[in-house]
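Asks: Next up, input-v4.pdb (PDB, C-alpha atoms and all ligand atoms).
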ATOM      1  CA  MET I 869     -11.085  72.147  48.191
ATOM      2  CA  GLU I 870      -9.385  68.980  47.133
ATOM      3  CA  ASN I 871      -6.475  67.815  49.219
ATOM      4  CA  HIS I 872      -3.222  67.958  47.268
ATOM      5  CA  ARG I 873      -2.491  64.318  48.141
ATOM      6  CA  ASP I 874      -5.677  63.261  46.338
ATOM      7  CA  THR I 875      -4.557  65.258  43.312
ATOM      8  CA  ILE I 876      -1.101  63.638  43.378
ATOM      9  CA  GLU I 877      -2.737  60.219  43.629
ATOM     10  CA  LYS I 878      -4.936  61.016  40.642
ATOM     11  CA  ILE I 879      -1.935  62.141  38.577
ATOM     12  CA  VAL I 880       0.134  59.088  39.543
ATOM     13  CA  GLY I 881      -2.825  56.847  38.631
ATOM     14  CA  LEU I 882      -3.162  58.485  35.221
ATOM     15  CA  MET I 883       0.564  58.231  34.530
ATOM     16  CA  ASN I 884       0.581  54.559  35.588
ATOM     17  CA  THR I 885      -2.301  53.562  33.326
ATOM     18  CA  SER I 886      -1.143  55.597  30.308
ATOM     19  CA  VAL I 887       1.065  53.917  27.713
ATOM     20  CA  SER I 888       2.429  57.183  26.339
ATOM     21  CA  TRP I 889       3.342  60.458  27.992
ATOM     22  CA  LEU I 890       3.673  63.765  26.210
ATOM     23  CA  VAL I 891       5.481  66.198  28.502
ATOM     24  CA  LEU I 892       5.250  69.851  27.490
ATOM     25  CA  SER I 893       7.517  72.701  28.568
ATOM     26  CA  HIS I 894       6.600  76.352  28.190
ATOM     27  CA  GLU I 895       7.896  78.791  25.536
ATOM     28  CA  ASN I 896      11.239  80.537  26.200
ATOM     29  CA  PRO I 897      12.037  77.595  28.461
ATOM     30  CA  ASP I 898      13.840  78.048  31.787
ATOM     31  CA  GLY I 899      15.628  75.534  33.991
ATOM     32  CA  ASP I 900      12.481  74.672  35.894
ATOM     33  CA  THR I 901      10.269  73.703  32.961
ATOM     34  CA  LEU I 902      13.150  71.903  31.191
ATOM     35  CA  GLY I 903      14.380  70.079  34.303
ATOM     36  CA  CYS I 904      10.867  68.845  35.073
ATOM     37  CA  GLY I 905      10.330  67.824  31.443
ATOM     38  CA  VAL I 906      13.618  65.915  31.295
ATOM     39  CA  ALA I 907      12.993  64.173  34.635
ATOM     40  CA  LEU I 908       9.493  63.064  33.617
ATOM     41  CA  THR I 909      10.491  61.800  30.158
ATOM     42  CA  ARG I 910      13.442  59.873  31.610
ATOM     43  CA  LEU I 911      11.136  58.427  34.251
ATOM     44  CA  GLY I 912       8.564  57.503  31.594
ATOM     45  CA  THR I 913      11.188  55.772  29.478
ATOM     46  CA  ARG I 914      12.419  53.883  32.560
ATOM     47  CA  LEU I 915       8.823  52.760  33.224
ATOM     48  CA  SER I 916       8.579  51.485  29.587
ATOM     49  CA  LYS I 917       6.225  54.258  28.511
ATOM     50  CA  LYS I 918       6.618  55.990  25.177
ATOM     51  CA  ALA I 919       7.656  59.364  26.551
ATOM     52  CA  ILE I 920       8.263  62.505  24.483
ATOM     53  CA  HIS I 921       9.325  65.927  25.754
ATOM     54  CA  ALA I 922       8.391  68.890  23.569
ATOM     55  CA  CYS I 923       8.762  72.644  23.802
ATOM     56  CA  PRO I 924       7.727  75.462  21.435
ATOM     57  CA  ASP I 925      11.252  76.967  21.631
ATOM     58  CA  PRO I 926      14.731  75.396  21.583
ATOM     59  CA  CYS I 927      16.719  74.687  24.736
ATOM     60  CA  PRO I 928      19.065  77.542  25.758
ATOM     61  CA  ALA I 929      22.713  76.431  25.652
ATOM     62  CA  ARG I 930      23.088  76.678  29.423
ATOM     63  CA  TYR I 931      20.675  73.765  29.926
ATOM     64  CA  SER I 932      21.954  71.520  27.153
ATOM     65  CA  PHE I 933      23.821  69.378  29.725
ATOM     66  CA  LEU I 934      20.412  68.040  30.801
ATOM     67  CA  PHE I 935      19.783  66.396  27.451
ATOM     68  CA  ASP I 936      22.612  63.876  27.258
ATOM     69  CA  GLY I 937      21.140  61.117  25.083
ATOM     70  CA  PHE I 938      17.589  62.474  25.263
ATOM     71  CA  ASP I 939      15.748  64.638  22.779
ATOM     72  CA  LEU I 940      13.831  67.820  23.250
ATOM     73  CA  ARG I 941      11.407  68.078  20.340
ATOM     74  CA  VAL I 942      10.867  71.579  19.046
ATOM     75  CA  PRO I 943       8.163  71.031  16.419
ATOM     76  CA  GLU I 944       6.100  73.768  14.787
ATOM     77  CA  ASN I 945       3.137  71.702  15.807
ATOM     78  CA  LEU I 946       2.666  68.512  17.754
ATOM     79  CA  PRO I 947       2.009  65.239  15.935
ATOM     80  CA  GLU I 948      -1.734  64.591  15.740
ATOM     81  CA  ASP I 949      -1.554  60.927  16.699
ATOM     82  CA  PHE I 950       0.521  61.312  19.859
ATOM     83  CA  PRO I 951      -0.015  60.513  22.694
ATOM     84  CA  GLY I 952      -3.333  59.001  21.509
ATOM     85  CA  PRO I 953      -6.346  57.865  23.530
ATOM     86  CA  GLU I 954      -4.263  55.721  25.920
ATOM     87  CA  GLY I 955      -1.863  58.494  26.752
ATOM     88  CA  VAL I 956      -1.555  61.525  28.975
ATOM     89  CA  VAL I 957      -0.342  65.073  28.328
ATOM     90  CA  ILE I 958       1.548  66.724  31.182
ATOM     91  CA  CYS I 959       2.221  70.475  31.156
ATOM     92  CA  VAL I 960       4.936  71.572  33.574
ATOM     93  CA  ASP I 961       5.546  75.084  34.947
ATOM     94  CA  THR I 962       3.135  76.589  32.403
ATOM     95  CA  SER I 963       0.832  79.269  33.810
ATOM     96  CA  THR I 964      -1.319  79.784  30.709
ATOM     97  CA  SER I 965      -2.126  77.494  27.804
ATOM     98  CA  ALA I 966      -0.982  80.287  25.467
ATOM     99  CA  ARG I 967       2.599  79.661  26.706
ATOM    100  CA  THR I 968       2.752  76.220  25.102
ATOM    101  CA  PHE I 969       1.503  74.488  21.924
ATOM    102  CA  PRO I 970      -1.842  75.630  20.428
ATOM    103  CA  GLN I 971      -3.251  72.102  20.862
ATOM    104  CA  VAL I 972      -3.341  72.735  24.604
ATOM    105  CA  SER I 973      -5.689  75.728  24.240
ATOM    106  CA  SER I 974      -7.828  73.975  21.645
ATOM    107  CA  ARG I 975      -7.819  70.740  23.726
ATOM    108  CA  ASN I 976      -6.993  68.834  20.602
ATOM    109  CA  PHE I 977      -5.987  65.634  22.431
ATOM    110  CA  MET I 978      -7.783  62.318  22.796
ATOM    111  CA  CYS I 979      -6.439  61.860  26.335
ATOM    112  CA  PRO I 980      -6.435  63.682  29.693
ATOM    113  CA  LEU I 981      -4.338  66.793  30.227
ATOM    114  CA  VAL I 982      -2.470  67.286  33.515
ATOM    115  CA  ASN I 983      -1.339  70.749  34.609
ATOM    116  CA  ILE I 984       1.441  70.867  37.245
ATOM    117  CA  ASP I 985       2.608  74.354  38.168
ATOM    118  CA  HIS I 986       3.555  76.760  40.956
ATOM    119  CA  HIS I 987       2.417  80.073  39.410
ATOM    120  CA  ALA I 988      -0.325  81.608  41.572
ATOM    121  CA  ASP I 989      -1.969  83.052  38.456
ATOM    122  CA  ASN I 990      -2.139  79.702  36.625
ATOM    123  CA  GLU I 991      -5.326  79.746  34.593
ATOM    124  CA  ARG I 992      -6.081  76.163  35.719
ATOM    125  CA  PHE I 993      -6.416  74.660  32.247
ATOM    126  CA  GLY I 994      -6.542  70.867  31.954
ATOM    127  CA  ASP I 995      -8.417  67.873  33.373
ATOM    128  CA  VAL I 996      -6.280  67.374  36.459
ATOM    129  CA  VAL I 997      -4.856  70.603  37.834
ATOM    130  CA  TRP I 998      -2.253  70.772  40.596
ATOM    131  CA  ILE I 999      -1.064  74.259  41.534
ATOM    132  CA  GLU I1000       1.149  74.987  44.560
ATOM    133  CA  PRO I1001       1.911  78.710  44.709
ATOM    134  CA  MET I1002       4.121  78.111  47.777
ATOM    135  CA  ALA I1003       6.506  75.811  45.879
ATOM    136  CA  SER I1004       9.770  77.536  44.950
ATOM    137  CA  ALA I1005       9.892  75.590  41.674
ATOM    138  CA  THR I1006       7.688  73.151  39.788
ATOM    139  CA  GLY I1007      10.674  70.834  40.333
ATOM    140  CA  GLU I1008       9.729  70.758  44.017
ATOM    141  CA  MET I1009       6.282  69.437  43.092
ATOM    142  CA  VAL I1010       7.518  66.883  40.567
ATOM    143  CA  THR I1011       9.979  65.556  43.165
ATOM    144  CA  GLU I1012       7.112  65.171  45.623
ATOM    145  CA  LEU I1013       4.988  63.464  42.961
ATOM    146  CA  ILE I1014       7.716  60.943  42.164
ATOM    147  CA  SER I1015       8.465  60.374  45.874
ATOM    148  CA  GLU I1016       4.792  59.604  46.543
ATOM    149  CA  SER I1017       4.475  57.327  43.519
ATOM    150  CA  GLY I1018       6.765  54.479  44.532
ATOM    151  CA  TRP I1019       8.558  54.659  41.162
ATOM    152  CA  GLY I1020      11.869  55.484  42.803
ATOM    153  CA  LEU I1021      14.191  58.192  41.548
ATOM    154  CA  ARG I1022      17.220  57.576  39.354
ATOM    155  CA  LYS I1023      20.274  59.820  39.637
ATOM    156  CA  ASP I1024      19.868  61.489  36.227
ATOM    157  CA  GLU I1025      16.203  62.220  36.941
ATOM    158  CA  ALA I1026      17.175  63.718  40.302
ATOM    159  CA  GLU I1027      19.855  65.876  38.630
ATOM    160  CA  ALA I1028      17.267  67.309  36.251
ATOM    161  CA  LEU I1029      14.940  68.074  39.171
ATOM    162  CA  TYR I1030      17.739  69.639  41.218
ATOM    163  CA  THR I1031      18.501  71.870  38.213
ATOM    164  CA  ALA I1032      14.815  72.834  38.073
ATOM    165  CA  LEU I1033      14.819  73.582  41.786
ATOM    166  CA  ILE I1034      17.922  75.751  42.059
ATOM    167  CA  SER I1035      17.422  77.608  38.799
ATOM    168  CA  ASP I1036      13.995  78.787  39.979
ATOM    169  CA  ASN I1037      14.830  79.602  43.611
ATOM    170  CA  GLY I1038      18.215  81.194  42.958
ATOM    171  CA  GLY I1039      20.138  78.419  44.682
ATOM    172  CA  PHE I1040      17.883  78.661  47.779
ATOM    173  CA  SER I1041      18.335  82.429  47.980
ATOM    174  CA  PHE I1042      14.931  83.736  46.860
ATOM    175  CA  GLU I1043      12.014  84.632  49.130
ATOM    176  CA  SER I1044      10.189  81.587  47.711
ATOM    177  CA  THR I1045      12.670  79.206  49.393
ATOM    178  CA  THR I1046      11.120  77.204  52.224
ATOM    179  CA  LEU I1047      11.929  74.321  54.520
ATOM    180  CA  LYS I1048      10.284  72.125  51.904
ATOM    181  CA  SER I1049      12.663  73.370  49.189
ATOM    182  CA  HIS I1050      15.537  72.104  51.328
ATOM    183  CA  ALA I1051      13.713  68.853  52.168
ATOM    184  CA  VAL I1052      13.255  68.245  48.438
ATOM    185  CA  ALA I1053      16.970  68.959  47.915
ATOM    186  CA  MET I1054      17.728  66.315  50.550
ATOM    187  CA  THR I1055      15.621  63.768  48.643
ATOM    188  CA  LEU I1056      17.468  64.638  45.432
ATOM    189  CA  ILE I1057      20.914  64.498  47.036
ATOM    190  CA  GLU I1058      19.994  61.117  48.533
ATOM    191  CA  ALA I1059      19.245  59.991  44.974
ATOM    192  CA  GLY I1060      22.825  60.846  43.991
ATOM    193  CA  VAL I1061      22.867  64.530  43.019
ATOM    194  CA  SER I1062      26.121  66.431  43.533
ATOM    195  CA  PRO I1063      25.055  70.036  44.328
ATOM    196  CA  ASN I1064      28.523  71.249  43.364
ATOM    197  CA  LYS I1065      28.385  69.577  39.945
ATOM    198  CA  ILE I1066      24.987  71.055  39.070
ATOM    199  CA  ALA I1067      25.946  74.522  40.348
ATOM    200  CA  GLU I1068      29.054  74.378  38.166
ATOM    201  CA  GLU I1069      27.033  73.316  35.105
ATOM    202  CA  LEU I1070      24.689  76.249  35.650
ATOM    203  CA  ASN I1071      27.181  78.932  36.676
ATOM    204  CA  SER I1072      30.383  78.281  34.786
ATOM    205  CA  ASN I1073      29.073  78.311  31.251
ATOM    206  CA  LEU I1074      29.262  81.950  30.167
ATOM    207  CA  SER I1075      30.951  83.218  27.009
ATOM    208  CA  GLU I1076      32.803  86.390  26.114
ATOM    209  CA  GLY I1077      29.722  87.516  24.158
ATOM    210  CA  ILE I1078      27.400  87.034  27.137
ATOM    211  CA  LEU I1079      29.725  89.031  29.413
ATOM    212  CA  ASN I1080      29.886  91.786  26.795
ATOM    213  CA  LEU I1081      26.092  91.782  26.488
ATOM    214  CA  TRP I1082      25.669  92.027  30.265
ATOM    215  CA  GLY I1083      28.188  94.870  30.305
ATOM    216  CA  ARG I1084      26.055  96.832  27.839
ATOM    217  CA  ALA I1085      23.055  96.455  30.139
ATOM    218  CA  MET I1086      25.025  97.274  33.270
ATOM    219  CA  VAL I1087      26.454 100.567  32.040
ATOM    220  CA  ARG I1088      22.844 101.670  31.507
ATOM    221  CA  ALA I1089      21.710 100.741  35.031
ATOM    222  CA  THR I1090      19.541 103.605  36.263
ATOM    223  CA  VAL I1091      18.312 103.954  39.829
ATOM    224  CA  PHE I1092      15.124 105.940  40.467
ATOM    225  CA  ALA I1093      12.153 106.331  42.840
ATOM    226  CA  ASP I1094      14.329 107.477  45.764
ATOM    227  CA  GLY I1095      16.686 104.585  45.281
ATOM    228  CA  ARG I1096      13.995 101.910  45.467
ATOM    229  CA  CYS I1097      13.859 100.956  41.784
ATOM    230  CA  ALA I1098      16.369 100.249  39.038
ATOM    231  CA  ILE I1099      16.139  99.568  35.317
ATOM    232  CA  PHE I1100      18.393  98.710  32.383
ATOM    233  CA  TRP I1101      17.804  97.667  28.771
ATOM    234  CA  LEU I1102      19.184  95.892  25.718
ATOM    235  CA  THR I1103      18.539  96.526  22.015
ATOM    236  CA  THR I1104      18.568  94.127  19.079
ATOM    237  CA  GLU I1105      21.939  95.683  18.117
ATOM    238  CA  ASP I1106      23.338  94.712  21.525
ATOM    239  CA  PHE I1107      22.377  91.091  20.837
ATOM    240  CA  SER I1108      23.636  91.047  17.250
ATOM    241  CA  GLN I1109      26.935  92.812  17.987
ATOM    242  CA  THR I1110      27.755  90.475  20.883
ATOM    243  CA  GLU I1111      26.486  87.463  18.906
ATOM    244  CA  THR I1112      24.093  86.493  21.674
ATOM    245  CA  THR I1113      20.407  85.665  21.829
ATOM    246  CA  HIS I1114      17.701  86.574  24.278
ATOM    247  CA  ASP I1115      18.286  83.492  26.435
ATOM    248  CA  ALA I1116      21.609  85.067  27.527
ATOM    249  CA  THR I1117      19.513  87.421  29.696
ATOM    250  CA  GLU I1118      18.017  84.781  32.002
ATOM    251  CA  ASN I1119      18.390  86.083  35.589
ATOM    252  CA  LEU I1120      20.324  89.156  34.380
ATOM    253  CA  VAL I1121      17.670  91.424  35.924
ATOM    254  CA  ASN I1122      18.519  90.042  39.386
ATOM    255  CA  PHE I1123      21.813  91.982  39.314
ATOM    256  CA  LEU I1124      19.843  95.187  39.808
ATOM    257  CA  LEU I1125      18.503  93.905  43.136
ATOM    258  CA  ARG I1126      22.106  93.760  44.337
ATOM    259  CA  ILE I1127      22.215  97.554  44.371
ATOM    260  CA  LYS I1128      21.768  98.471  48.036
ATOM    261  CA  GLY I1129      18.264  99.793  48.708
ATOM    262  CA  VAL I1130      16.762  98.648  45.374
ATOM    263  CA  LYS I1131      13.506  96.753  45.913
ATOM    264  CA  MET I1132      12.152  96.489  42.382
ATOM    265  CA  ALA I1133      14.019  96.009  39.117
ATOM    266  CA  ALA I1134      13.323  95.730  35.411
ATOM    267  CA  LEU I1135      15.207  94.600  32.323
ATOM    268  CA  CYS I1136      13.743  95.639  28.956
ATOM    269  CA  SER I1137      14.984  93.808  25.879
ATOM    270  CA  GLU I1138      14.086  94.229  22.264
ATOM    271  CA  MET I1139      13.025  90.942  20.701
ATOM    272  CA  PRO I1140      13.044  90.213  17.000
ATOM    273  CA  GLY I1141       9.432  90.643  15.836
ATOM    274  CA  SER I1142       7.633  89.700  12.660
ATOM    275  CA  GLU I1143       8.212  91.829   9.541
ATOM    276  CA  GLY I1144      10.890  93.917  11.190
ATOM    277  CA  GLU I1145       8.453  95.129  13.810
ATOM    278  CA  LYS I1146      10.060  95.438  17.249
ATOM    279  CA  ARG I1147       8.709  93.874  20.400
ATOM    280  CA  VAL I1148      10.082  94.691  23.835
ATOM    281  CA  LYS I1149      10.025  92.140  26.605
ATOM    282  CA  ALA I1150      10.246  93.362  30.206
ATOM    283  CA  SER I1151      11.365  91.116  33.084
ATOM    284  CA  LEU I1152      10.517  92.428  36.518
ATOM    285  CA  ARG I1153      11.793  91.408  39.944
ATOM    286  CA  ALA I1154      10.879  92.625  43.422
ATOM    287  CA  LEU I1155      11.827  92.019  47.019
ATOM    288  CA  ALA I1156       8.911  91.401  49.423
ATOM    289  CA  PRO I1157       6.682  93.161  50.326
ATOM    290  CA  PHE I1158       6.970  94.858  46.940
ATOM    291  CA  ASN I1159       5.065  93.264  44.092
ATOM    292  CA  ALA I1160       6.418  92.939  40.551
ATOM    293  CA  ARG I1161       3.303  91.216  39.267
ATOM    294  CA  GLU I1162       1.137  94.264  39.980
ATOM    295  CA  VAL I1163       3.321  96.277  37.602
ATOM    296  CA  ALA I1164       3.343  93.570  34.886
ATOM    297  CA  VAL I1165      -0.444  93.218  35.067
ATOM    298  CA  VAL I1166      -0.891  96.924  34.237
ATOM    299  CA  PHE I1167       0.735  96.168  30.865
ATOM    300  CA  GLY I1168      -1.111  92.902  30.221
ATOM    301  CA  GLY I1169       1.574  90.614  31.676
ATOM    302  CA  GLY I1170       1.682  88.377  34.740
ATOM    303  CA  GLY I1171       3.806  85.974  36.772
ATOM    304  CA  HIS I1172       4.769  85.680  40.410
ATOM    305  CA  ASN I1173       4.643  88.457  43.033
ATOM    306  CA  LEU I1174       8.424  88.683  43.000
ATOM    307  CA  ALA I1175       9.161  87.723  39.386
ATOM    308  CA  SER I1176       6.949  88.753  36.505
ATOM    309  CA  GLY I1177       7.042  89.884  32.904
ATOM    310  CA  CYS I1178       5.173  91.644  30.131
ATOM    311  CA  VAL I1179       5.576  92.344  26.430
ATOM    312  CA  PHE I1180       5.194  95.699  24.671
ATOM    313  CA  SER I1181       4.849  96.565  20.998
ATOM    314  CA  THR I1182       6.135 100.122  21.467
ATOM    315  CA  GLY I1183       9.706 101.364  21.146
ATOM    316  CA  ILE I1184      12.233 100.632  23.863
ATOM    317  CA  SER I1185      12.659 104.213  25.119
ATOM    318  CA  GLU I1186       8.910 104.511  25.568
ATOM    319  CA  VAL I1187       8.813 101.156  27.389
ATOM    320  CA  VAL I1188      11.558 102.295  29.755
ATOM    321  CA  SER I1189       9.712 105.506  30.629
ATOM    322  CA  LEU I1190       6.338 103.730  30.998
ATOM    323  CA  LEU I1191       7.880 101.206  33.353
ATOM    324  CA  MET I1192       9.763 103.813  35.356
ATOM    325  CA  LYS I1193       6.513 105.687  35.876
ATOM    326  CA  GLU I1194       4.496 102.611  36.867
ATOM    327  CA  MET I1195       7.225 101.203  39.128
ATOM    328  CA  THR I1196       7.602 104.561  40.886
ATOM    329  CA  HIS I1197       3.845 104.696  41.380
ATOM    330  CA  ASN I1198       3.799 101.127  42.692
ATOM    331  CA  VAL I1199       6.571 101.494  45.268
ATOM    332  CA  SER I1200       5.565 104.973  46.450
ATOM    333  CA  GLY I1201       2.642 103.623  48.503
ATOM    334  CA  PHE I1202       4.977 101.582  50.683
ATOM    335  CA  HIS I1203       6.472 102.745  53.962
ATOM    336  CA  ILE I1204       9.152 100.363  55.079
ATOM    337  CA  ASP I1205      11.513 100.442  58.009
ATOM    338  CA  LYS I1206      15.073 100.729  56.895
TER
HETATM  339 MN    MN R   1       9.002  77.730  37.615
END
As structure tokens, please, write out the structure in this file.
Ligand SMILES: [Mn+2]
Replies:
Amino acid sequence: MENHRDTIEKIVGLMNTSVSWLVLSHENPDGDTLGCGVALTRLGTRLSKKAIHACPDPCPARYSFLFDGFDLRVPENLPEDFPGPEGVVICVDTSTSARTFPQVSSRNFMCPLVNIDHHADNERFGDVVWIEPMASATGEMVTELISESGWGLRKDEAEALYTALISDNGGFSFESTTLKSHAVAMTLIEAGVSPNKIAEELNSNLSEGILNLWGRAMVRATVFADGRCAIFWLTTEDFSQTETTHDATENLVNFLLRIKGVKMAALCSEMPGSEGEKRVKASLRALAPFNAREVAVVFGGGGHNLASGCVFSTGISEVVSLLMKEMTHNVSGFHIDK
């Protein structure tokens, strides 16, 4: 197997020789994919590349502070002539090509495609593929890439990467956090990041509507499977009546893991579907050694062992009971010391 340093060298070489970079974030973007995208496009612009950052969905309000003076393009489809034969396409934090623009699946580019990600189930699309399942965020990897490159790291780039890092590892609190996560933070703080400033940007940006939405979920919190699992849900009416959108639920599911004894949690939310048809998205979280991905996979989803998701086209009450059954089944095989 190829050494990861060789892969980094290959990616740095490609980025150096390319005149244009197209950086792609995944659908329903989170802090990790957006932070990495912002850092790379700012870096590209600093290196006199033509750098564009695009995403199939708009940026949630809580990450808008990252985009001061820089654009996130949200096109229906990517321009056909960009980045062109002398360019490079870089997908960040994107486990499957279906989670980004259709051109990635159809390989409709005249230039190489680089895939940088930390999802263990990444389908390894692209010409140069770098996957580190041990990284707590793709931001960890992009920081390493830039550190190895000799390009230096400007403060605003480091702030975007620090945002990526802490939004994916829960401010160094998740199981995925390692010594390396902290070493990367040191690199970013050395480049001028104020941890307090970024934490404030991320944490102190709620609205009355978001609190009301969360309240609706929380009053429905249901503990089951001998206290090991918990679930709650939100309907389209909950979103419309609180004037919120689905991105107000990012990390909401983690609240359930704060119930003492709960090892696996799920949030089910109704999403607006086409032609009035309802879709339900489930976000699952687990504490090791429990495995949220195993449950998501049963319903055609995927993700990390401790954070996964799946989408249903059945009604929400059916989704809740299906998940309760599967989660109960999944955790019942475990015997853990209390
Ligand atoms: Mn990530």
Asks: Between CA of Val996 (chain I) and CA of Gly881 (chain I), what is the spacing in Å?
Replies: 11.3 Å
Asks: Kindly work out which residues sit at most 7 Å from ligand MN 1 (chain R), using all atoms listed in the file, and give the list as a list in words.
Replies: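 The neighbouring residues of ligand MN 1 (chain R) are, in order, Asp900, Thr901, Asp961, His986, Ala1005, Thr1006 and Asp1036 of chain I.
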Asks: May I ask which of the residues I:Ala929, I:Cys1178, I:Ile1057, I:Cys923 is the closest one to Arg1022 (chain I), counting only C-alpha atoms?
Replies: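 Distance minimum relative to Arg1022 (chain I) lands on I:Ile1057.
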Asks: List the residues selected by the PyMOL selection byres (((chain I and resi 988) around 7) and not hetatm) in the file shown, writing them as number ranges by chain.
Replies: I: 986-987, 989-990, 1001, 1172
Asks: By how many Å are CA of Glu1027 (chain I) and CA of Asp898 (chain I) apart?
Replies: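 Taking CA of Glu1027 (chain I) as the start and CA of Asp898 (chain I) as the end point, the length is 15.2 Å.
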Asks: Any idea what's packed within 7 Å of Gly1007 (chain I), counting only C-alpha atoms, ignoring anything in its chain fewer than 4 positions away? Could you give it as a PyMOL selection string?
Replies: chain I and resi 900+904+1011+1029+1032-1033
Asks: Taking the file as shown, what set of residues would the PyMOL selection byres (((chain I and resi 1071) around 12) and not hetatm) give back, as a ChimeraX atom specification?
Replies: /I:930-931,1031,1034-1035,1038-1039,1063-1070,1072-1075,1118-1119
Asks: Between I:Arg941, I:Arg1147, I:Arg992, I:Lys918, which is the closest to Val956 (chain I) once you count all atoms listed in the file?
Replies: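 Comparing I:Arg941, I:Arg1147, I:Arg992, I:Lys918 against Val956 (chain I), the winner is I:Lys918.
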Asks: Between I:Asn1037, I:Thr909, I:Ser1189, I:Ser1137, which has the minimum distance to Phe938 (chain I) (counting all atoms listed in the file)?
Replies: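 When distances to Phe938 (chain I) are compared using all atoms listed in the file, the smallest one comes from I:Thr909.
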Asks: Report as a ChimeraX atom specification the full result of the PyMOL selection byres (((chain I and resi 1110) around 7) and not hetatm) when it is applied to this structure.
Replies: /I:1077,1080-1081,1106-1109,1111-1112
Asks: Counting all atoms listed in the file, which residue out of I:Ala1133, I:Leu1155, I:Val1199, I:Val1187 sits closest to Ala1093 (chain I)?
Replies: I:Val1199
Asks: My list of candidates is I:Ser1200, I:Thr962, I:Thr875, I:Ser1004. Which is closest to Lys1048 (chain I) when distances are computed with only C-alpha atoms?
Replies: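 Ranked by minimum distance to Lys1048 (chain I), first place goes to I:Ser1004.
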Asks: For Lys917 (chain I), find every residue with an atom within 12 Å (counting all atoms listed in the file), except residues of its own chain fewer than 4 positions away, and show them as a VMD selection string.
Replies: chain I and resid 883 to 891 908 to 913 951 954 to 956
Asks: Rounded to one decimal place, report the CA of Ser974 (chain I)-CA of Glu1008 (chain I) distance in Å.
Replies: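 Answer for the CA of Ser974 (chain I) to CA of Glu1008 (chain I) separation: 28.6 Å.
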Asks: Using all atoms listed in the file, find all polymer residues with an atom at most 12 Å away from the point (13.6, 104.6, 17.5); report them as a list in words.
Replies: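 Answer for this query, in the requested form: Thr1103, Thr1104, Glu1138, Glu1145, Lys1146, Thr1182, Gly1183, Ile1184, Ser1185, Glu1186 and Val1187 of chain I.
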Asks: Smallest atom-to-atom distance to Gly903 (chain I): which of I:Glu1025, I:Ala1134, I:Phe977, I:Leu1013, using all atoms listed in the file?
Replies: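 Ranking I:Glu1025, I:Ala1134, I:Phe977, I:Leu1013 by distance to Gly903 (chain I), first place goes to I:Glu1025.
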Asks: Quick one: everything within 9 Å of Pro897 (chain I), counting only C-alpha atoms, minus sequence neighbours fewer than 4 positions away in the same chain. Send it as a PyMOL selection string.
Replies: chain I and resi 893+901-902+923-928+1115
Asks: Which residues are near Trp1101 (chain I)? Cut-off 6 Å, all atoms listed in the file, ignore same chain within fewer than 2 positions. Put them as a VMD selection string.
Replies: chain I and resid 1085 1135 to 1137
Asks: Excluding Arg1153 (chain I) and any residue of its chain fewer than 2 positions from it, enumerate the residues within 9 Å of it, using all atoms listed in the file, and give them as an MDAnalysis selection string.
Replies: chainID I and resid 1121:1122 1124:1125 1131:1135 1151 1155 1159:1161 1173:1177
